>>> print(open('coords_4.txt').read())   # compact mmCIF, C-alpha atoms and all ligand atoms
# COMPACT_ATOMS: atom_id res chain seq x y z
CA MET M 1 0.00 0.00 0.00
CA SER M 2 1.47 3.37 -0.99
CA ILE M 3 1.84 6.31 1.38
CA GLU M 4 -0.72 8.35 -0.66
CA ILE M 5 -3.38 5.68 -0.09
CA VAL M 6 -2.62 5.54 3.64
CA ILE M 7 -2.93 9.34 3.91
CA ALA M 8 -6.10 9.48 1.77
CA ARG M 9 -7.75 6.67 3.76
CA LEU M 10 -6.79 8.28 7.07
CA LEU M 11 -8.22 11.66 6.03
CA HIS M 12 -11.28 10.02 4.49
CA VAL M 13 -12.21 7.71 7.35
CA VAL M 14 -11.35 10.03 10.27
CA LEU M 15 -12.99 13.15 8.77
CA GLY M 16 -15.92 11.16 7.31
CA VAL M 17 -16.70 9.64 10.70
CA PHE M 18 -16.38 13.09 12.32
CA TRP M 19 -18.76 14.62 9.72
CA ALA M 20 -21.39 11.87 9.97
CA GLY M 21 -21.11 11.48 13.76
CA THR M 22 -21.41 15.22 14.38
CA MET M 23 -24.47 15.58 12.15
CA ILE M 24 -26.18 12.54 13.75
CA PHE M 25 -25.45 13.87 17.28
CA THR M 26 -26.75 17.32 16.25
CA ALA M 27 -30.02 15.99 14.82
CA LEU M 28 -30.76 13.42 17.54
CA PHE M 29 -29.55 15.16 20.71
CA LEU M 30 -28.30 18.74 20.37
CA VAL M 31 -31.18 20.35 18.45
CA PRO M 32 -33.96 18.78 20.62
CA ALA M 33 -32.08 19.66 23.83
CA MET M 34 -31.56 23.27 22.64
CA ALA M 35 -35.23 23.59 21.70
CA GLU M 36 -36.20 22.51 25.24
CA ALA M 37 -33.75 24.99 26.76
CA GLY M 38 -35.53 28.00 25.15
CA PRO M 39 -33.52 31.26 25.20
CA ASP M 40 -30.55 29.45 26.82
CA GLY M 41 -30.47 27.19 23.76
CA ALA M 42 -29.79 30.27 21.60
CA LYS M 43 -26.77 31.06 23.80
CA VAL M 44 -25.39 27.55 23.21
CA MET M 45 -25.90 28.02 19.44
CA ALA M 46 -24.09 31.38 19.57
CA GLY M 47 -21.16 29.69 21.37
CA ILE M 48 -21.03 26.93 18.74
CA GLN M 49 -21.07 29.52 15.93
CA ARG M 50 -18.30 31.53 17.62
CA ARG M 51 -16.17 28.35 17.48
CA ARG M 52 -16.70 28.44 13.68
CA PHE M 53 -18.78 25.25 13.46
CA MET M 54 -20.38 26.58 10.24
CA ASP M 55 -16.96 26.98 8.61
CA VAL M 56 -15.30 23.85 10.00
CA MET M 57 -18.02 21.36 8.96
CA PRO M 58 -18.08 22.23 5.22
CA VAL M 59 -14.26 21.91 5.11
CA VAL M 60 -14.41 18.54 6.92
CA ALA M 61 -17.10 17.38 4.47
CA LEU M 62 -15.17 18.63 1.43
CA VAL M 63 -11.95 16.85 2.44
CA THR M 64 -13.97 13.63 2.99
CA ILE M 65 -15.53 14.00 -0.48
CA VAL M 66 -12.29 14.86 -2.31
CA SER M 67 -10.31 12.04 -0.62
CA GLY M 68 -13.25 9.66 -1.31
CA LEU M 69 -13.33 10.63 -4.99
CA TRP M 70 -9.58 10.06 -5.24
CA LEU M 71 -9.88 6.64 -3.53
CA PHE M 72 -12.79 5.80 -5.82
CA TRP M 73 -10.72 6.72 -8.86
CA ARG M 74 -7.84 4.56 -7.57
CA ILE M 75 -9.79 1.41 -6.74
CA SER M 76 -12.08 1.64 -9.79
CA GLY M 77 -9.08 1.83 -12.15
CA GLY M 78 -9.97 5.37 -13.29
CA PHE M 79 -13.79 5.12 -12.92
CA ASP M 80 -14.00 1.87 -14.95
CA PRO M 81 -17.77 1.32 -15.64
CA ALA M 82 -17.43 -2.48 -15.20
CA TRP M 83 -16.02 -2.01 -11.66
CA SER M 84 -18.64 0.64 -10.87
CA ARG M 85 -21.39 -1.89 -11.78
CA SER M 86 -19.99 -4.55 -9.40
CA ARG M 87 -21.73 -4.90 -6.01
CA MET M 88 -18.78 -3.30 -4.26
CA GLY M 89 -18.62 -0.48 -6.81
CA MET M 90 -22.35 0.17 -6.50
CA ALA M 91 -22.19 0.26 -2.69
CA TYR M 92 -19.35 2.82 -2.75
CA GLY M 93 -21.09 4.72 -5.57
CA ILE M 94 -24.50 4.90 -3.86
CA GLY M 95 -22.82 5.79 -0.54
CA ALA M 96 -20.94 8.58 -2.29
CA VAL M 97 -24.10 9.96 -3.95
CA LEU M 98 -25.92 9.98 -0.58
CA ALA M 99 -22.97 11.88 0.92
CA PHE M 100 -23.06 14.40 -2.00
CA VAL M 101 -26.79 15.01 -1.41
CA ALA M 102 -26.15 15.41 2.34
CA PHE M 103 -23.42 17.95 1.55
CA GLY M 104 -25.79 19.87 -0.78
CA ILE M 105 -28.54 20.03 1.89
CA GLY M 106 -26.00 20.97 4.58
CA VAL M 107 -24.41 23.80 2.62
CA GLY M 108 -27.48 24.89 0.66
CA ILE M 109 -30.18 24.79 3.39
CA MET M 110 -28.83 24.08 6.90
CA ARG M 111 -25.87 26.45 6.91
CA PRO M 112 -27.66 29.58 5.55
CA THR M 113 -30.70 28.93 7.78
CA MET M 114 -28.57 28.58 10.93
CA MET M 115 -26.54 31.68 10.00
CA ARG M 116 -29.78 33.62 9.52
CA ILE M 117 -31.12 32.47 12.91
CA GLY M 118 -27.81 33.50 14.50
CA SER M 119 -27.94 36.96 12.95
CA ILE M 120 -31.62 37.51 13.93
CA VAL M 121 -30.99 36.38 17.52
CA GLY M 122 -27.96 38.72 17.64
CA GLN M 123 -30.05 41.69 16.41
CA ALA M 124 -32.88 40.83 18.82
CA ALA M 125 -30.44 40.82 21.74
CA GLN M 126 -29.56 44.46 20.87
CA ALA M 127 -33.23 45.53 20.52
CA THR M 128 -34.26 48.22 22.97
CA ASP M 129 -37.95 47.32 23.45
CA SER M 130 -39.77 43.99 23.60
CA ALA M 131 -42.14 44.76 20.67
CA GLN M 132 -39.17 45.31 18.38
CA ARG M 133 -37.57 42.11 19.71
CA ASP M 134 -40.77 40.09 19.08
CA THR M 135 -41.01 41.41 15.49
CA LEU M 136 -37.40 40.51 14.83
CA MET M 137 -37.81 37.03 16.36
CA ALA M 138 -41.09 36.24 14.49
CA PRO M 139 -39.49 34.23 11.64
CA VAL M 140 -37.20 32.24 14.00
CA PRO M 141 -39.52 29.28 14.89
CA ALA M 142 -40.14 28.52 11.18
CA LEU M 143 -36.42 28.82 10.43
CA ARG M 144 -35.63 26.47 13.35
CA ARG M 145 -38.12 23.90 12.04
CA ARG M 146 -36.57 24.15 8.56
CA SER M 147 -33.05 23.74 9.90
CA ALA M 148 -34.07 20.81 12.15
CA SER M 149 -35.74 18.87 9.32
CA ALA M 150 -32.81 19.53 6.96
CA GLY M 151 -30.52 18.31 9.80
CA ARG M 152 -32.53 15.10 10.20
CA ALA M 153 -32.32 14.43 6.44
CA VAL M 154 -28.55 15.05 6.46
CA ALA M 155 -28.08 12.74 9.47
CA LEU M 156 -30.07 9.94 7.82
CA LEU M 157 -28.22 10.27 4.50
CA LEU M 158 -24.82 10.26 6.23
CA ALA M 159 -25.73 7.26 8.40
CA LEU M 160 -26.70 5.33 5.24
CA ALA M 161 -23.55 6.50 3.39
CA THR M 162 -21.35 5.39 6.31
CA ALA M 163 -23.10 2.01 6.50
CA LEU M 164 -22.59 1.42 2.75
CA MET M 165 -18.91 2.46 2.95
CA GLY M 166 -18.44 0.09 5.89
CA ILE M 167 -19.87 -3.02 4.17
CA ALA M 168 -18.96 -2.34 0.50
CA ARG M 169 -15.82 -4.46 0.35
CA TYR M 170 -17.65 -7.53 1.77
CA LEU M 171 -20.49 -7.52 -0.80
C1 LIG M 201 -20.36 10.35 5.22
C2 LIG M 201 -19.33 10.37 4.47
C3 LIG M 201 -18.42 9.19 4.37
C4 LIG M 201 -18.00 8.33 5.35
C5 LIG M 201 -18.35 8.35 6.84
C6 LIG M 201 -17.14 7.36 4.71
C7 LIG M 201 -16.52 6.33 5.38
C8 LIG M 201 -15.70 5.42 4.79
C9 LIG M 201 -15.03 4.33 5.47
C10 LIG M 201 -15.17 4.04 6.97
C11 LIG M 201 -14.32 3.63 4.55
C12 LIG M 201 -13.43 2.42 4.81
C13 LIG M 201 -14.19 1.16 4.43
C14 LIG M 201 -13.30 -0.09 4.46
O1 LIG M 201 -12.08 0.01 4.50
O2 LIG M 201 -13.87 -1.20 4.45
C15 LIG M 201 -14.54 4.28 3.28
C16 LIG M 201 -13.99 3.86 2.11
C17 LIG M 201 -14.20 4.45 0.89
N1 LIG M 201 -14.98 5.58 0.63
FE1 LIG M 201 -16.02 6.61 1.97
N2 LIG M 201 -17.06 7.65 3.37
C18 LIG M 201 -17.83 8.77 3.13
C19 LIG M 201 -18.03 9.40 1.91
C20 LIG M 201 -17.46 9.02 0.72
C21 LIG M 201 -17.57 9.73 -0.53
C22 LIG M 201 -18.34 11.05 -0.73
C23 LIG M 201 -16.86 9.05 -1.45
C24 LIG M 201 -16.70 9.52 -2.86
C25 LIG M 201 -16.63 8.84 -3.89
C26 LIG M 201 -16.31 7.86 -0.81
C27 LIG M 201 -15.55 6.86 -1.39
C28 LIG M 201 -14.92 5.82 -0.73
C29 LIG M 201 -14.10 4.80 -1.36
C30 LIG M 201 -13.80 4.68 -2.83
C31 LIG M 201 -13.63 3.95 -0.35
C32 LIG M 201 -12.74 2.71 -0.49
C33 LIG M 201 -11.30 3.11 -0.27
C34 LIG M 201 -10.34 1.93 -0.36
O3 LIG M 201 -10.72 0.79 -0.12
O4 LIG M 201 -9.16 2.22 -0.62
N3 LIG M 201 -16.69 7.90 0.52
N4 LIG M 201 -15.37 5.36 3.45
>>> encode(input="coords_4.txt", output="structure tokens")
Amino acid sequence: MSIEIVIARLLHVVLGVFWAGTMIFTALFLVPAMAEAGPDGAKVMAGIQRRRFMDVMPVVALVTIVSGLWLFWRISGGFDPAWSRSRMGMAYGIGAVLAFVAFGIGVGIMRPTMMRIGSIVGQAAQATDSAQRDTLMAPVPALRRRSASAGRAVALLLALATALMGIARYL
């Protein structure tokens, strides 16, 4: 095994597991616990955003995808269609497509929605009277619902992608 494969597999597996595990934890535990916590939940979200969660996760996902594409290219002999139609090839291929869709939903829906919630909550915290704060906060429940359902879809897709990656070579 060459050093490039060892490095690509290390990056792919470690970052892929981090990406999928974080999104599953977020959907199953963090978001429901924050919803129960009410205004304190918003403080936790602000702390997570300050630690650049919204910038770190897309980079983690991108490195997983790029290393996965490179590994795919290597083991499929340059995207050979016959290999891609084998059971193993299909399992890696379907897993990869699920991960691409999860990435699209994460970057296209979840990230902008969570950033918008963060900016509204920030503005509301500066508001001088409660009527102004209520007007600012009005769209937040719908945005939270949107972000939570996108998060559940991402978690499910990544769980399936990880399962397929894990069993592909034994099919
Ligand atoms: C949620 C995201 C992902 C996770 C958690 C993940 C996880 C894994 C794991 C654990 C393995 C090792 C399997 C084994 O050795 O039996 C693996 C292998 C592999 N993954 Fe992924 N993966 C993800 C996304 C992707 C994507 C987007 C691609 C893109 C094409 C991809 C392509 C591959 C390939 C080709 C291998 C086989 C590498 C080899 O045997 O050298 N994966 N993946």
>>> residues_near_ligand(input="coords_4.txt", ligand="ligand LIG 201 (chain M)", cutoff="6 Å", atoms="only C-alpha atoms and all ligand atoms", output="PDB file with C-alpha atoms, in the frame of the given file")
ATOM      1  CA  VAL M  13     -12.210   7.710   7.350  1.00  0.00           C
ATOM      2  CA  GLY M  16     -15.920  11.160   7.310  1.00  0.00           C
ATOM      3  CA  VAL M  17     -16.700   9.640  10.700  1.00  0.00           C
ATOM      4  CA  ALA M  20     -21.390  11.870   9.970  1.00  0.00           C
ATOM      5  CA  THR M  64     -13.970  13.630   2.990  1.00  0.00           C
ATOM      6  CA  ILE M  65     -15.530  14.000  -0.480  1.00  0.00           C
ATOM      7  CA  GLY M  68     -13.250   9.660  -1.310  1.00  0.00           C
ATOM      8  CA  LEU M  69     -13.330  10.630  -4.990  1.00  0.00           C
ATOM      9  CA  LEU M  71      -9.880   6.640  -3.530  1.00  0.00           C
ATOM     10  CA  PHE M  72     -12.790   5.800  -5.820  1.00  0.00           C
ATOM     11  CA  TYR M  92     -19.350   2.820  -2.750  1.00  0.00           C
ATOM     12  CA  ALA M  96     -20.940   8.580  -2.290  1.00  0.00           C
ATOM     13  CA  ALA M  99     -22.970  11.880   0.920  1.00  0.00           C
ATOM     14  CA  PHE M 100     -23.060  14.400  -2.000  1.00  0.00           C
ATOM     15  CA  LEU M 158     -24.820  10.260   6.230  1.00  0.00           C
ATOM     16  CA  ALA M 161     -23.550   6.500   3.390  1.00  0.00           C
ATOM     17  CA  THR M 162     -21.350   5.390   6.310  1.00  0.00           C
ATOM     18  CA  MET M 165     -18.910   2.460   2.950  1.00  0.00           C
ATOM     19  CA  GLY M 166     -18.440   0.090   5.890  1.00  0.00           C
ATOM     20  CA  ARG M 169     -15.820  -4.460   0.350  1.00  0.00           C
TER      21      ARG M 169
END
>>> residues_around(input="coords_4.txt", residues="Thr113 in chain M", least_positions_apart="3", cutoff="10 Å", atoms="all atoms listed in the file", output="JSON list (two decimals) with C-alpha atoms, in the coordinates of the input")
[["chain", "number", "residue", "atom", "x", "y", "z"],
["M", 106, "GLY", "CA", -26.00, 20.97, 4.58],
["M", 107, "VAL", "CA", -24.41, 23.80, 2.62],
["M", 108, "GLY", "CA", -27.48, 24.89, 0.66],
["M", 109, "ILE", "CA", -30.18, 24.79, 3.39],
["M", 110, "MET", "CA", -28.83, 24.08, 6.90],
["M", 116, "ARG", "CA", -29.78, 33.62, 9.52],
["M", 117, "ILE", "CA", -31.12, 32.47, 12.91],
["M", 118, "GLY", "CA", -27.81, 33.50, 14.50],
["M", 119, "SER", "CA", -27.94, 36.96, 12.95],
["M", 140, "VAL", "CA", -37.20, 32.24, 14.00],
["M", 143, "LEU", "CA", -36.42, 28.82, 10.43],
["M", 144, "ARG", "CA", -35.63, 26.47, 13.35],
["M", 145, "ARG", "CA", -38.12, 23.90, 12.04],
["M", 146, "ARG", "CA", -36.57, 24.15, 8.56],
["M", 147, "SER", "CA", -33.05, 23.74, 9.90],
["M", 148, "ALA", "CA", -34.07, 20.81, 12.15],
["M", 150, "ALA", "CA", -32.81, 19.53, 6.96]]
>>> atom_distance(input="coords_4.txt", atom1="CA of Arg152 in chain M", atom2="CA of Ser84 in chain M")
29.1 Å
>>> residues_around(input="coords_4.txt", residues="Thr22 in chain M", least_positions_apart="4", cutoff="9 Å", atoms="only C-alpha atoms", output="MDAnalysis selection string")
chainID M and resid 17:18 26:27 57 155
>>> closest_residue(input="coords_4.txt", among="M:Met23, M:Met88, M:Val44, M:Val14", to="Ile167 in chain M", atoms="all atoms listed in the file")
M:Met88
>>> atom_distance(input="coords_4.txt", atom1="CA of Ala168 in chain M", atom2="CA of Ser2 in chain M")
21.3 Å
>>> closest_residue(input="coords_4.txt", among="M:Asp129, M:Asp134, M:Ser67, M:Leu156", to="Glu4 in chain M", atoms="all atoms listed in the file")
M:Ser67
>>> closest_atom_pairs(input="coords_4.txt", of="range 29-59 of chain M", to="range 124-127 of chain M", cutoff="12 Å", atoms="only C-alpha atoms", output="Markdown table")
| residue | atom | partner | partner_atom | distance |
| --- | --- | --- | --- | --- |
| M:Pro39 | CA | M:Ala125 | CA | 10.6 |
| M:Ala42 | CA | M:Ala125 | CA | 10.6 |
| M:Lys43 | CA | M:Ala125 | CA | 10.6 |
| M:Ala46 | CA | M:Ala125 | CA | 11.6 |
>>> atom_distance(input="coords_4.txt", atom1="CA of Gly89 in chain M", atom2="CA of Ser76 in chain M")
7.5 Å
>>> residues_around(input="coords_4.txt", residues="Val63 in chain M", least_positions_apart="6", cutoff="9 Å", atoms="all atoms listed in the file", output="list in words")
Leu11, His12, Leu15 and Gly16 of chain M
>>> closest_residue(input="coords_4.txt", among="M:Ala102, M:Ile94, M:Arg111, M:Gly122", to="Ala163 in chain M", atoms="all atoms listed in the file")
M:Ile94
>>> closest_residue(input="coords_4.txt", among="M:Ala37, M:Gly93, M:Leu30, M:Gln132", to="Ile120 in chain M", atoms="all atoms listed in the file")
M:Gln132
